[in-house]
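What follows is the content of upload-v9.pdb, which has PDB, C-alpha atoms:
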```pdb
ATOM      1  CA  MET A   1       9.166  18.562  29.762
ATOM      2  CA  ASP A   2      12.297  20.646  29.875
ATOM      3  CA  LYS A   3      15.122  20.260  27.373
ATOM      4  CA  GLU A   4      17.399  18.416  29.816
ATOM      5  CA  ALA A   5      14.706  15.806  30.544
ATOM      6  CA  ILE A   6      14.187  15.302  26.810
ATOM      7  CA  LEU A   7      17.907  14.914  26.138
ATOM      8  CA  ASP A   8      18.070  12.500  29.076
ATOM      9  CA  LEU A   9      15.492  10.252  27.362
ATOM     10  CA  PHE A  10      17.631  10.200  24.204
ATOM     11  CA  ARG A  11      20.711   9.302  26.243
ATOM     12  CA  LYS A  12      18.887   6.562  28.187
ATOM     13  CA  ALA A  13      17.744   5.043  24.903
ATOM     14  CA  GLY A  14      21.261   5.220  23.403
ATOM     15  CA  ALA A  15      19.890   7.478  20.671
ATOM     16  CA  PHE A  16      22.570  10.192  20.739
ATOM     17  CA  LEU A  17      25.688   8.880  18.933
ATOM     18  CA  GLU A  18      29.158  10.333  18.387
ATOM     19  CA  GLY A  19      31.491   9.531  15.466
ATOM     20  CA  HIS A  20      31.474  10.430  11.747
ATOM     21  CA  PHE A  21      28.097  10.062  10.089
ATOM     22  CA  LEU A  22      26.652  10.421   6.610
ATOM     23  CA  LEU A  23      23.240  12.052   7.025
ATOM     24  CA  THR A  24      20.252  11.501   4.744
ATOM     25  CA  SER A  25      20.818  15.043   3.438
ATOM     26  CA  GLY A  26      24.256  13.963   2.135
ATOM     27  CA  LEU A  27      26.007  16.100   4.748
ATOM     28  CA  HIS A  28      28.474  14.740   7.305
ATOM     29  CA  SER A  29      28.284  15.213  11.079
ATOM     30  CA  PRO A  30      30.188  14.179  14.218
ATOM     31  CA  TYR A  31      26.828  13.440  15.916
ATOM     32  CA  TYR A  32      23.835  11.373  14.946
ATOM     33  CA  VAL A  33      20.420  11.140  16.528
ATOM     34  CA  GLU A  34      19.368   7.502  16.068
ATOM     35  CA  LYS A  35      15.667   8.094  16.467
ATOM     36  CA  PHE A  36      14.714   4.426  16.262
ATOM     37  CA  LYS A  37      16.675   3.674  19.405
ATOM     38  CA  LEU A  38      14.302   6.084  21.129
ATOM     39  CA  LEU A  39      11.154   5.143  19.188
ATOM     40  CA  GLN A  40      11.455   1.513  20.343
ATOM     41  CA  TYR A  41      10.390   2.614  23.844
ATOM     42  CA  PRO A  42       6.635   3.345  23.903
ATOM     43  CA  ARG A  43       6.772   5.114  27.257
ATOM     44  CA  TYR A  44       9.427   7.555  25.977
ATOM     45  CA  VAL A  45       7.470   8.233  22.789
ATOM     46  CA  GLU A  46       4.291   8.736  24.797
ATOM     47  CA  GLN A  47       5.994  11.341  26.999
ATOM     48  CA  LEU A  48       7.456  13.211  24.040
ATOM     49  CA  ALA A  49       4.217  13.049  22.039
ATOM     50  CA  GLN A  50       2.320  14.396  25.049
ATOM     51  CA  ALA A  51       4.727  17.350  25.239
ATOM     52  CA  ILE A  52       4.086  18.156  21.554
ATOM     53  CA  ALA A  53       0.318  17.800  22.065
ATOM     54  CA  GLU A  54       0.413  20.113  25.082
ATOM     55  CA  HIS A  55       2.165  22.780  23.031
ATOM     56  CA  PHE A  56      -0.561  22.689  20.354
ATOM     57  CA  GLN A  57      -3.460  22.273  22.797
ATOM     58  CA  GLY A  58      -6.452  24.398  21.837
ATOM     59  CA  LYS A  59      -5.580  24.482  18.108
ATOM     60  CA  LYS A  60      -8.476  22.189  17.108
ATOM     61  CA  ILE A  61      -6.394  19.486  15.429
ATOM     62  CA  ASP A  62      -8.339  17.028  13.216
ATOM     63  CA  VAL A  63      -5.480  14.936  11.805
ATOM     64  CA  VAL A  64      -1.835  14.430  12.762
ATOM     65  CA  VAL A  65       0.438  13.680   9.780
ATOM     66  CA  GLY A  66       3.995  12.373   9.783
ATOM     67  CA  PRO A  67       6.373  10.987   7.172
ATOM     68  CA  ALA A  68       7.237   7.293   6.950
ATOM     69  CA  VAL A  69       8.944   5.662   8.752
ATOM     70  CA  GLY A  70       9.846   7.258  12.084
ATOM     71  CA  GLY A  71       7.187   9.908  11.748
ATOM     72  CA  ILE A  72       4.508   7.205  11.750
ATOM     73  CA  VAL A  73       5.212   6.235  15.353
ATOM     74  CA  LEU A  74       5.282   9.843  16.504
ATOM     75  CA  ALA A  75       2.164  10.821  14.499
ATOM     76  CA  TYR A  76       0.269   7.905  16.015
ATOM     77  CA  GLU A  77       1.173   8.873  19.577
ATOM     78  CA  VAL A  78       0.456  12.586  19.092
ATOM     79  CA  ALA A  79      -2.888  11.729  17.437
ATOM     80  CA  ARG A  80      -3.667   9.441  20.371
ATOM     81  CA  ALA A  81      -2.923  12.282  22.794
ATOM     82  CA  PHE A  82      -5.422  14.473  20.905
ATOM     83  CA  GLY A  83      -7.925  11.673  20.315
ATOM     84  CA  VAL A  84      -7.884  12.277  16.532
ATOM     85  CA  ARG A  85      -6.932  10.474  13.320
ATOM     86  CA  MET A  86      -3.417  10.100  12.024
ATOM     87  CA  ALA A  87      -2.063   9.691   8.523
ATOM     88  CA  PHE A  88       1.377   9.373   7.016
ATOM     89  CA  THR A  89       3.171  10.109   3.793
ATOM     90  CA  GLU A  90       5.480   7.738   1.961
ATOM     91  CA  ARG A  91       8.050   8.265  -0.727
ATOM     92  CA  GLU A  92       6.657   7.298  -4.133
ATOM     93  CA  GLU A  93       8.508   8.072  -7.352
ATOM     94  CA  GLY A  94      10.898  10.274  -5.382
ATOM     95  CA  ARG A  95       8.210  12.387  -3.628
ATOM     96  CA  MET A  96       6.321  12.215  -0.373
ATOM     97  CA  ARG A  97       2.702  11.350  -1.053
ATOM     98  CA  PHE A  98      -0.349  10.039   0.738
ATOM     99  CA  ARG A  99      -1.039   6.405  -0.102
ATOM    100  CA  ARG A 100      -3.051   3.607   1.514
ATOM    101  CA  ASP A 101      -6.347   5.483   1.107
ATOM    102  CA  PHE A 102      -5.472   8.216   3.592
ATOM    103  CA  THR A 103      -7.777  11.133   2.982
ATOM    104  CA  LEU A 104      -7.586  14.753   4.045
ATOM    105  CA  GLY A 105     -10.404  17.171   3.443
ATOM    106  CA  GLU A 106     -10.247  20.903   2.862
ATOM    107  CA  GLY A 107     -11.571  21.480   6.377
ATOM    108  CA  ASP A 108      -9.242  19.040   8.166
ATOM    109  CA  ARG A 109      -6.898  21.013  10.409
ATOM    110  CA  VAL A 110      -3.516  19.258  10.255
ATOM    111  CA  LEU A 111      -0.626  19.100  12.690
ATOM    112  CA  ILE A 112       2.518  17.778  11.010
ATOM    113  CA  VAL A 113       5.049  15.950  13.170
ATOM    114  CA  GLU A 114       8.564  14.747  12.410
ATOM    115  CA  ASP A 115      11.244  13.025  14.415
ATOM    116  CA  VAL A 116      14.506  14.743  13.397
ATOM    117  CA  VAL A 117      14.972  17.805  11.167
ATOM    118  CA  THR A 118      18.360  18.764   9.719
ATOM    119  CA  THR A 119      17.742  20.695   6.490
ATOM    120  CA  GLY A 120      13.941  20.519   6.459
ATOM    121  CA  ALA A 121      13.798  18.957   2.977
ATOM    122  CA  SER A 122      11.690  15.920   3.931
ATOM    123  CA  LEU A 123       9.405  18.024   6.079
ATOM    124  CA  SER A 124       8.913  20.453   3.179
ATOM    125  CA  GLU A 125       7.754  17.509   1.057
ATOM    126  CA  VAL A 126       5.196  16.539   3.708
ATOM    127  CA  ILE A 127       3.972  20.144   3.836
ATOM    128  CA  GLU A 128       3.522  20.100   0.060
ATOM    129  CA  ALA A 129       1.584  16.799   0.208
ATOM    130  CA  VAL A 130      -0.802  18.291   2.792
ATOM    131  CA  ARG A 131      -1.166  21.529   0.790
ATOM    132  CA  GLU A 132      -2.096  19.496  -2.298
ATOM    133  CA  LYS A 133      -5.057  18.136  -0.327
ATOM    134  CA  GLY A 134      -6.185  21.663   0.538
ATOM    135  CA  SER A 135      -6.066  21.076   4.297
ATOM    136  CA  PRO A 136      -4.967  23.923   6.581
ATOM    137  CA  ILE A 137      -1.737  23.276   8.472
ATOM    138  CA  VAL A 138      -1.981  24.359  12.105
ATOM    139  CA  GLY A 139       1.661  23.792  12.981
ATOM    140  CA  ILE A 140       4.687  21.531  12.971
ATOM    141  CA  GLY A 141       6.026  19.648  15.976
ATOM    142  CA  VAL A 142       9.368  17.833  15.927
ATOM    143  CA  LEU A 143      11.387  15.836  18.407
ATOM    144  CA  VAL A 144      14.772  17.283  17.411
ATOM    145  CA  ASP A 145      15.777  20.293  15.340
ATOM    146  CA  ARG A 146      19.420  19.554  14.499
ATOM    147  CA  SER A 147      19.786  22.831  12.622
ATOM    148  CA  GLY A 148      20.057  24.957  15.747
ATOM    149  CA  GLY A 149      17.076  27.013  14.605
ATOM    150  CA  ARG A 150      18.200  27.622  11.011
ATOM    151  CA  VAL A 151      15.310  25.734   9.393
ATOM    152  CA  SER A 152      12.279  27.851   8.649
ATOM    153  CA  PHE A 153       8.700  27.016   7.749
ATOM    154  CA  PRO A 154       5.645  29.206   7.093
ATOM    155  CA  TYR A 155       3.800  27.606  10.044
ATOM    156  CA  PRO A 156       4.266  27.616  13.819
ATOM    157  CA  PHE A 157       7.300  25.379  14.387
ATOM    158  CA  PHE A 158       7.868  23.683  17.739
ATOM    159  CA  PRO A 159      10.940  21.515  18.344
ATOM    160  CA  LEU A 160      11.086  19.701  21.671
ATOM    161  CA  LEU A 161      14.851  19.790  21.476
ATOM    162  CA  GLN A 162      16.855  22.268  19.439
ATOM    163  CA  MET A 163      20.511  21.383  19.005
ATOM    164  CA  GLU A 164      23.365  23.128  17.270
ATOM    165  CA  ILE A 165      24.928  20.063  15.680
ATOM    166  CA  PRO A 166      27.669  20.791  13.156
ATOM    167  CA  VAL A 167      27.232  19.504   9.621
ATOM    168  CA  TYR A 168      29.708  19.610   6.752
ATOM    169  CA  THR A 169      29.666  19.111   3.027
ATOM    170  CA  PRO A 170      31.782  16.066   2.130
ATOM    171  CA  ASP A 171      34.527  18.207   0.554
ATOM    172  CA  GLU A 172      34.794  20.431   3.670
ATOM    173  CA  CYS A 173      34.425  17.717   6.322
ATOM    174  CA  PRO A 174      37.235  17.805   8.917
ATOM    175  CA  LEU A 175      36.394  14.221   9.923
ATOM    176  CA  CYS A 176      37.071  13.042   6.359
ATOM    177  CA  LYS A 177      40.365  14.949   6.399
ATOM    178  CA  GLN A 178      41.282  13.069   9.609
ATOM    179  CA  SER A 179      40.405   9.758   7.870
ATOM    180  CA  ILE A 180      37.794   8.895  10.498
ATOM    181  CA  ALA A 181      35.603   6.091   9.172
ATOM    182  CA  LEU A 182      32.299   7.329   7.777
ATOM    183  CA  GLN A 183      29.201   5.548   9.097
ATOM    184  CA  LYS A 184      26.136   5.421   6.891
ATOM    185  CA  ARG A 185      22.999   5.594   9.013
ATOM    186  CA  GLY A 186      19.377   6.238   8.161
ATOM    187  CA  SER A 187      16.735   4.629   5.981
ATOM    188  CA  ARG A 188      18.418   5.474   2.674
ATOM    189  CA  TYR A 189      21.587   3.613   3.647
ATOM    190  CA  LEU A 190      20.480   0.683   5.800
ATOM    191  CA  SER A 191      18.948  -2.368   4.210
TER
END
```
Since I need it in another form, could you write the structure as structure tokens?
Amino acid sequence: MDKEAILDLFRKAGAFLEGHFLLTSGLHSPYYVEKFKLLQYPRYVEQLAQAIAEHFQGKKIDVVVGPAVGGIVLAYEVARAFGVRMAFTEREEGRMRFRRDFTLGEGDRVLIVEDVVTTGASLSEVIEAVREKGSPIVGIGVLVDRSGGRVSFPYPFFPLLQMEIPVYTPDECPLCKQSIALQKRGSRYLS
């Protein structure tokens, strides 16, 4: 899948929003990728998961891991494409951890997947949870890298879509200075 076809899926799903948004990272942005608008369409997720799986083909993946909540859907579909197990991390006491009896062994080769990356903080927590299990990480596949390539990980990193989306600290946000209403999106803000 080329980048334009991927972006077209996001647009068809109504998943690329414009306005003034508070991101999970605490930063502000004029654009928001509402991943759940996309993740509600199994055929779109299947296509995107297949593209991630194709990129990592031949890497002998044993388990695909993603963070709750959006990463669960993507991890499941990528694991299905490989014909392997999936597992997910959840936030517990402020950290991403494996719960629900998910096990990883020292020999389990892990592909980590994530839906949207802005600063990489959540993904770094998933990496740490996998490292604690002693499993080798083969790579990281993501739907959207919002950082424009600024995030960095010590593993092969493959974003389907890399976007240079501006982000601002609240005190430097031009949208705040224009008194444009701030929309709180994401799992930490929606109930």
8 Å contact set for range 55-71 of chain A, only C-alpha atoms, chain neighbours under 3 positions out, as a VMD selection string
chain A and resid 35 to 36 39 51 to 52 74 to 76 78 to 79 82 84 to 91 96 108 to 115 122 to 123 126 138 to 139 158
Measure the distance from CA of Gly26 in chain A to CA of Thr169 in chain A in Å and round it to one decimal.
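Separating CA of Gly26 in chain A from CA of Thr169 in chain A is a distance of 7.5 Å.
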What is the CA of Val117 in chain A-CA of Ile72 in chain A distance in Å, reported with one decimal?
14.9 Å
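CA of Ser152 in chain A to CA of Glu164 in chain A spans 14.8 Å [interatomic distance, one decimal].
Considering all atoms listed in the file, the residue among A:Glu18, A:Leu9, A:Ala49, A:Ile140 positioned nearest to Lys37 in chain A is A:Leu9.
Within 12 Å of Glu92 in chain A, once all atoms listed in the file are used and residues closer than 6 positions along the same chain are dropped, the contacting residues are Pro67, Ala68, Phe98, Arg99, Arg100, Glu125 and Ala129 of chain A.
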Determine, using only C-alpha atoms, which residues of range 10-39 of chain A have any atom at most 10 Å from an atom of range 143-146 of chain A, and tabulate each with its shortest atom pair and distance in Å to one decimal place, rows ordered by chain and then rising number, as CSV.
```
residue,atom,partner,partner_atom,distance
A:Tyr31,CA,A:Arg146,CA,9.7
A:Tyr32,CA,A:Arg146,CA,9.3
A:Val33,CA,A:Val144,CA,8.4
A:Lys35,CA,A:Leu143,CA,9.1
```
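Those residues returned by the PyMOL selection byres ((chain A and resi 28) around 7) for this file are A:His20, A:Phe21, A:Leu22, A:Leu23, A:Gly26, A:Leu27, A:Ser29, A:Val167, A:Tyr168, A:Thr169, A:Pro170, A:Cys173.
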Starting from 6 Å padding per side, set up an axis-aligned box that covers all listed atoms of range 79-82 of chain A and hand over centre and edge lengths in Å, one decimal, as JSON.
```
{"center_x": -4.2, "center_y": 12.0, "center_z": 20.1, "size_x": 14.5, "size_y": 17.0, "size_z": 17.4}
```
Hey, which of A:Lys133, A:Lys12, A:Arg80, A:Arg150 ends up closest to Thr118 in chain A? Count only C-alpha atoms.
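Smallest distance to Thr118 in chain A is found for A:Arg150.
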Of the residues A:Arg131, A:Leu161, A:Glu172, A:Phe153, which is the one nearest to Ala5 in chain A, using only C-alpha atoms?
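Looking at the shortest contact to Ala5 in chain A, the residue is A:Leu161.
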Hey, could you patch up range 90-122 of chain A with N, CA and C atoms and hand it over as a PDB file, in the coordinates of the input?
```
ATOM      1  N   GLU A  90       4.405   8.670   2.340  1.00  0.00           N
ATOM      2  CA  GLU A  90       5.480   7.738   1.961  1.00  0.00           C
ATOM      3  C   GLU A  90       6.117   8.245   0.678  1.00  0.00           C
ATOM      4  N   ARG A  91       7.362   7.867   0.494  1.00  0.00           N
ATOM      5  CA  ARG A  91       8.050   8.265  -0.727  1.00  0.00           C
ATOM      6  C   ARG A  91       7.576   7.363  -1.871  1.00  0.00           C
ATOM      7  N   GLU A  92       7.102   8.008  -2.941  1.00  0.00           N
ATOM      8  CA  GLU A  92       6.657   7.298  -4.133  1.00  0.00           C
ATOM      9  C   GLU A  92       7.156   8.079  -5.335  1.00  0.00           C
ATOM     10  N   GLU A  93       7.916   7.418  -6.189  1.00  0.00           N
ATOM     11  CA  GLU A  93       8.508   8.072  -7.352  1.00  0.00           C
ATOM     12  C   GLU A  93       9.298   9.310  -6.948  1.00  0.00           C
ATOM     13  N   GLY A  94      10.018   9.206  -5.826  1.00  0.00           N
ATOM     14  CA  GLY A  94      10.898  10.274  -5.382  1.00  0.00           C
ATOM     15  C   GLY A  94      10.239  11.399  -4.603  1.00  0.00           C
ATOM     16  N   ARG A  95       8.927  11.325  -4.354  1.00  0.00           N
ATOM     17  CA  ARG A  95       8.210  12.387  -3.628  1.00  0.00           C
ATOM     18  C   ARG A  95       7.404  11.796  -2.481  1.00  0.00           C
ATOM     19  N   MET A  96       7.207  12.606  -1.456  1.00  0.00           N
ATOM     20  CA  MET A  96       6.321  12.215  -0.373  1.00  0.00           C
ATOM     21  C   MET A  96       4.884  12.386  -0.836  1.00  0.00           C
ATOM     22  N   ARG A  97       4.101  11.329  -0.652  1.00  0.00           N
ATOM     23  CA  ARG A  97       2.702  11.350  -1.053  1.00  0.00           C
ATOM     24  C   ARG A  97       1.879  10.573  -0.035  1.00  0.00           C
ATOM     25  N   PHE A  98       0.571  10.847  -0.047  1.00  0.00           N
ATOM     26  CA  PHE A  98      -0.349  10.039   0.738  1.00  0.00           C
ATOM     27  C   PHE A  98      -0.711   8.815  -0.081  1.00  0.00           C
ATOM     28  N   ARG A  99      -0.654   7.665   0.536  1.00  0.00           N
ATOM     29  CA  ARG A  99      -1.039   6.405  -0.102  1.00  0.00           C
ATOM     30  C   ARG A  99      -1.981   5.689   0.857  1.00  0.00           C
ATOM     31  N   ARG A 100      -2.268   4.458   0.606  1.00  0.00           N
ATOM     32  CA  ARG A 100      -3.051   3.607   1.514  1.00  0.00           C
ATOM     33  C   ARG A 100      -4.422   4.189   1.860  1.00  0.00           C
ATOM     34  N   ASP A 101      -5.006   4.918   0.939  1.00  0.00           N
ATOM     35  CA  ASP A 101      -6.347   5.483   1.107  1.00  0.00           C
ATOM     36  C   ASP A 101      -6.466   6.505   2.232  1.00  0.00           C
ATOM     37  N   PHE A 102      -5.365   7.121   2.627  1.00  0.00           N
ATOM     38  CA  PHE A 102      -5.472   8.216   3.592  1.00  0.00           C
ATOM     39  C   PHE A 102      -6.140   9.390   2.887  1.00  0.00           C
ATOM     40  N   THR A 103      -7.090   9.988   3.559  1.00  0.00           N
ATOM     41  CA  THR A 103      -7.777  11.133   2.982  1.00  0.00           C
ATOM     42  C   THR A 103      -7.662  12.329   3.916  1.00  0.00           C
ATOM     43  N   LEU A 104      -7.536  13.485   3.327  1.00  0.00           N
ATOM     44  CA  LEU A 104      -7.586  14.753   4.045  1.00  0.00           C
ATOM     45  C   LEU A 104      -8.573  15.620   3.307  1.00  0.00           C
ATOM     46  N   GLY A 105      -9.438  16.279   4.060  1.00  0.00           N
ATOM     47  CA  GLY A 105     -10.404  17.171   3.443  1.00  0.00           C
ATOM     48  C   GLY A 105      -9.968  18.616   3.585  1.00  0.00           C
ATOM     49  N   GLU A 106     -10.602  19.484   2.820  1.00  0.00           N
ATOM     50  CA  GLU A 106     -10.247  20.903   2.862  1.00  0.00           C
ATOM     51  C   GLU A 106     -10.450  21.515   4.238  1.00  0.00           C
ATOM     52  N   GLY A 107     -11.332  20.935   5.042  1.00  0.00           N
ATOM     53  CA  GLY A 107     -11.571  21.480   6.377  1.00  0.00           C
ATOM     54  C   GLY A 107     -10.774  20.812   7.478  1.00  0.00           C
ATOM     55  N   ASP A 108     -10.018  19.760   7.146  1.00  0.00           N
ATOM     56  CA  ASP A 108      -9.242  19.040   8.166  1.00  0.00           C
ATOM     57  C   ASP A 108      -8.034  19.862   8.595  1.00  0.00           C
ATOM     58  N   ARG A 109      -8.020  20.242   9.857  1.00  0.00           N
ATOM     59  CA  ARG A 109      -6.898  21.013  10.409  1.00  0.00           C
ATOM     60  C   ARG A 109      -5.787  20.029  10.775  1.00  0.00           C
ATOM     61  N   VAL A 110      -4.601  20.227  10.175  1.00  0.00           N
ATOM     62  CA  VAL A 110      -3.516  19.258  10.255  1.00  0.00           C
ATOM     63  C   VAL A 110      -2.362  19.766  11.110  1.00  0.00           C
ATOM     64  N   LEU A 111      -1.892  18.898  11.985  1.00  0.00           N
ATOM     65  CA  LEU A 111      -0.626  19.100  12.690  1.00  0.00           C
ATOM     66  C   LEU A 111       0.353  18.123  12.069  1.00  0.00           C
ATOM     67  N   ILE A 112       1.472  18.629  11.571  1.00  0.00           N
ATOM     68  CA  ILE A 112       2.518  17.778  11.010  1.00  0.00           C
ATOM     69  C   ILE A 112       3.554  17.536  12.095  1.00  0.00           C
ATOM     70  N   VAL A 113       3.992  16.277  12.212  1.00  0.00           N
ATOM     71  CA  VAL A 113       5.049  15.950  13.170  1.00  0.00           C
ATOM     72  C   VAL A 113       6.176  15.224  12.446  1.00  0.00           C
ATOM     73  N   GLU A 114       7.365  15.377  12.981  1.00  0.00           N
ATOM     74  CA  GLU A 114       8.564  14.747  12.410  1.00  0.00           C
ATOM     75  C   GLU A 114       9.502  14.412  13.555  1.00  0.00           C
ATOM     76  N   ASP A 115      10.324  13.421  13.353  1.00  0.00           N
ATOM     77  CA  ASP A 115      11.244  13.025  14.415  1.00  0.00           C
ATOM     78  C   ASP A 115      12.467  13.935  14.462  1.00  0.00           C
ATOM     79  N   VAL A 116      13.272  13.955  13.409  1.00  0.00           N
ATOM     80  CA  VAL A 116      14.506  14.743  13.397  1.00  0.00           C
ATOM     81  C   VAL A 116      14.550  15.600  12.135  1.00  0.00           C
ATOM     82  N   VAL A 117      14.856  16.883  12.299  1.00  0.00           N
ATOM     83  CA  VAL A 117      14.972  17.805  11.167  1.00  0.00           C
ATOM     84  C   VAL A 117      16.408  18.322  11.100  1.00  0.00           C
ATOM     85  N   THR A 118      17.016  18.220   9.925  1.00  0.00           N
ATOM     86  CA  THR A 118      18.360  18.764   9.719  1.00  0.00           C
ATOM     87  C   THR A 118      18.295  19.922   8.726  1.00  0.00           C
ATOM     88  N   THR A 119      17.866  19.637   7.502  1.00  0.00           N
ATOM     89  CA  THR A 119      17.742  20.695   6.490  1.00  0.00           C
ATOM     90  C   THR A 119      16.290  21.095   6.260  1.00  0.00           C
ATOM     91  N   GLY A 120      15.359  20.251   6.659  1.00  0.00           N
ATOM     92  CA  GLY A 120      13.941  20.519   6.459  1.00  0.00           C
ATOM     93  C   GLY A 120      13.404  20.038   5.130  1.00  0.00           C
ATOM     94  N   ALA A 121      14.225  19.375   4.316  1.00  0.00           N
ATOM     95  CA  ALA A 121      13.798  18.957   2.977  1.00  0.00           C
ATOM     96  C   ALA A 121      12.645  17.954   3.036  1.00  0.00           C
ATOM     97  N   SER A 122      12.763  16.917   3.847  1.00  0.00           N
ATOM     98  CA  SER A 122      11.690  15.920   3.931  1.00  0.00           C
ATOM     99  C   SER A 122      10.416  16.533   4.482  1.00  0.00           C
TER     100      SER A 122
END
```
